[in-house]
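These notes concern the structure reproduced below.
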Amino acid sequence: MNNMKSIRMMIPALLGFALLLSSTACSVPEAAVYADRGDQESGDQVLAVVGGVEITETEVAELMAAPLRKVEQDRYNLLKQGVDQLVAERLLELEAKKRGLELDEFVAQEVEAKVATPTDEEVDAFYEERKARIRQPKEEVAGQIREYLLSQRQGEIHSQLVAELKEEYGYQLMLEPIRLTVAADGFPAKGPVDAPVTIVEFSDFECPYCSRINPALDQVMDNYGDRVRLVFRQFPLSMHPNAQKAAEASLCADEQGKFWQMHDALFKEQRSLAVEQLKEKAARLELDTVAFNECLDTSRHADAVIADFQAGSDLGVSGTPALFINGRFLSGAQPYEALAKVIDEELAMKKDS
């Protein structure tokens with residue numbers, strides 16, 4: 001295989017099976033979300049004149065802020081992907097030269113040769129776990145699954161090798177990520193206030209994808225300890241009839257110092273979020289049920305939930321879960337590895353600054 005081709009296929013190959021596993025978030029229609037550009041200035045260039053009245057770039061940017069932000073984020077993601085690819089190539093070239101090998105020989109020796117072809121049993125297990133989403137006969141996708149598993153494992157070894165070479169040869173990323181200012185104070189949270197990394201999560205208790213990201217977030221908190229603070233903010237989608245009251249119930253529980261206990265109970269029993277079922281959960285958690293019921297029945301925190309939703313919309317959130325890691329936006333039920341990658345980058349930036 002050609003030198004560059006063997007390396008450059010490493011990441012795209014991992015995406016080849018994504019069509020079977022594509023949905024990771026609960027979403028609202030794109031047209032429902034508009035956002036204020038905040039501190040991002042676009043200038044006052046006149047883009048049109050109607051009846052003698054000017055329409056400026058600033059006005060258009062304010063109207064189209066959410067899709068423009070997406071374009072900016074997509075551009076950053078593409079640049080970052082390109083930087084990562086070229087950095088990996090340079091590092092592998094340096095190490096191959098050091099060992100007196102051709103690049104393709106080095107990659108074959110250190111990456112490809114270290115992964116065995118997935119067995120039929122592994123392909124079967126992968127298919128059985130995901131057949132509800134794949135919706136195709138196993139015989140039609142077995143080859144894709146095998147290639148995906150092989151590429152995934154080679155990608156893991158490739159990434160570990162590149163990480164080790166970064167330490168050996170030195171590496172500094174100069175590309176600045178896109179950050180948004182996201183309020184984190186005054187909301188349910190765990191982890192120290194002065195943690196170097198703050199994750200603000202906008203979530204919906206009735207969204208299945210929000211429950212799927214919880215194990216990854218728990219793993220983050222376990223592995224990073226005091227270096228990470230997790231902040232929870234509400235984003236109940238209109239498609240989920242019980243999400244608003246469930247959000248209010250979590251804040252009623254927060255009044256009694258049991259937000260996270262209620263949080264876990266709500267996600268564990270997502271099909272039991274009617275008002276009476278929320279009250280039953282409060283009783284099981286040994287809350288003061290008189291105070292909790294009064295809080296829920298009077299909708300004491302309804303305005304706070306609506307304010308959270310509006311804040312998320314203003315930031316360009318259009319689905320759940322939505323995460324901001326030190327202001328860097330990640331959408332959908334991301335795996336632990338995706339979260340850890342951004343957290344590690346943030347910690348490295350703090351260390352270097």
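We name chains A, B, ... following the order of the structure tokens; residues begin at 1 in each chain, and ligands are numbered from 1 as shown.
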
ask   = Skipping near chain neighbours, those fewer than 6 positions away, what residues fall within 12 Å of Val231 in chain A using only C-alpha atoms, listed as a PyMOL selection string?
value = chain A and resi 182-193+195+197-203+217+221+259-260+322-326

DSSP helix (DSSP H, G or I) residues within range 115-315 of chain A, as a count of residues only = 122

ask   = Among range 37-225 of chain A, which residues carry a DSSP assignment of strand (DSSP E), reported as a list in words?
value =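 So the strand (DSSP E) residues in range 37-225 of chain A would be Val46, Leu47, Ala48, Val49, Val50, Val53, Glu54, Ile55, Thr56, Ala189, Lys190, Val197, Thr198, Ile199, Val200, Glu201, Phe202 and Ser203 of chain A.
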
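The space separating CA of Tyr224 in chain A from CA of Glu255 in chain A comes to 27.6 Å.
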
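The shortest atom-to-atom distance to Leu150 in chain A, with only C-alpha atoms taken into account, belongs to A:Glu122 out of A:Glu176, A:Glu286, A:Glu122, A:Glu89.
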
query = Restricting the calculation to only C-alpha atoms, which member of A:Pro196, A:Glu139, A:Gln219, A:Phe205 is positioned closest to Ala265 in chain A?
reply = A:Phe205

task = Return the single residue from A:Asp124, A:Glu72, A:Asp194, A:Asp297 that is closest to Leu278 in chain A, with distances computed using only C-alpha atoms.
result =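 Ranking A:Asp124, A:Glu72, A:Asp194, A:Asp297 by distance to Leu278 in chain A, first place goes to A:Asp297.
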
inquiry  = Need the shell around Ile343 in chain A: protein/DNA/RNA residues with any atom at most 9 Å away, counting only C-alpha atoms. Skip same-chain ones fewer than 3 positions apart. Format as a ChimeraX atom specification?
reply    = /A:197,228,325-326,338-340,346-348

Serialized selection, N, CA and C atoms, as a PDB file, in the first residue's frame:
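part.pdb, freshly written:
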ATOM      1  N   VAL A 197     -11.052  22.153  33.984  1.00  0.00           N
ATOM      2  CA  VAL A 197     -11.983  21.832  32.895  1.00  0.00           C
ATOM      3  C   VAL A 197     -13.403  21.832  33.439  1.00  0.00           C
ATOM      4  N   VAL A 228     -11.988  18.040  36.770  1.00  0.00           N
ATOM      5  CA  VAL A 228     -13.178  18.291  35.952  1.00  0.00           C
ATOM      6  C   VAL A 228     -14.372  18.641  36.829  1.00  0.00           C
ATOM      7  N   ILE A 325     -17.322  21.853  26.611  1.00  0.00           N
ATOM      8  CA  ILE A 325     -16.137  21.549  27.425  1.00  0.00           C
ATOM      9  C   ILE A 325     -15.219  22.756  27.354  1.00  0.00           C
ATOM     10  N   ASN A 326     -15.167  23.509  28.440  1.00  0.00           N
ATOM     11  CA  ASN A 326     -14.476  24.809  28.442  1.00  0.00           C
ATOM     12  C   ASN A 326     -14.931  25.658  27.252  1.00  0.00           C
ATOM     13  N   ALA A 338     -14.114  10.352  22.949  1.00  0.00           N
ATOM     14  CA  ALA A 338     -14.260  11.683  22.350  1.00  0.00           C
ATOM     15  C   ALA A 338     -14.191  12.763  23.414  1.00  0.00           C
ATOM     16  N   LEU A 339     -14.812  12.504  24.581  1.00  0.00           N
ATOM     17  CA  LEU A 339     -14.760  13.474  25.675  1.00  0.00           C
ATOM     18  C   LEU A 339     -13.338  13.587  26.219  1.00  0.00           C
ATOM     19  N   ALA A 340     -12.699  12.446  26.415  1.00  0.00           N
ATOM     20  CA  ALA A 340     -11.345  12.435  26.980  1.00  0.00           C
ATOM     21  C   ALA A 340     -10.360  13.160  26.067  1.00  0.00           C
ATOM     22  N   GLU A 346      -7.482  20.251  26.622  1.00  0.00           N
ATOM     23  CA  GLU A 346      -7.668  21.406  27.512  1.00  0.00           C
ATOM     24  C   GLU A 346      -6.674  21.387  28.658  1.00  0.00           C
ATOM     25  N   LEU A 347      -6.456  20.227  29.233  1.00  0.00           N
ATOM     26  CA  LEU A 347      -5.493  20.119  30.332  1.00  0.00           C
ATOM     27  C   LEU A 347      -4.080  20.441  29.845  1.00  0.00           C
ATOM     28  N   ALA A 348      -3.753  19.986  28.633  1.00  0.00           N
ATOM     29  CA  ALA A 348      -2.432  20.280  28.080  1.00  0.00           C
ATOM     30  C   ALA A 348      -2.262  21.777  27.844  1.00  0.00           C
TER      31      ALA A 348
END
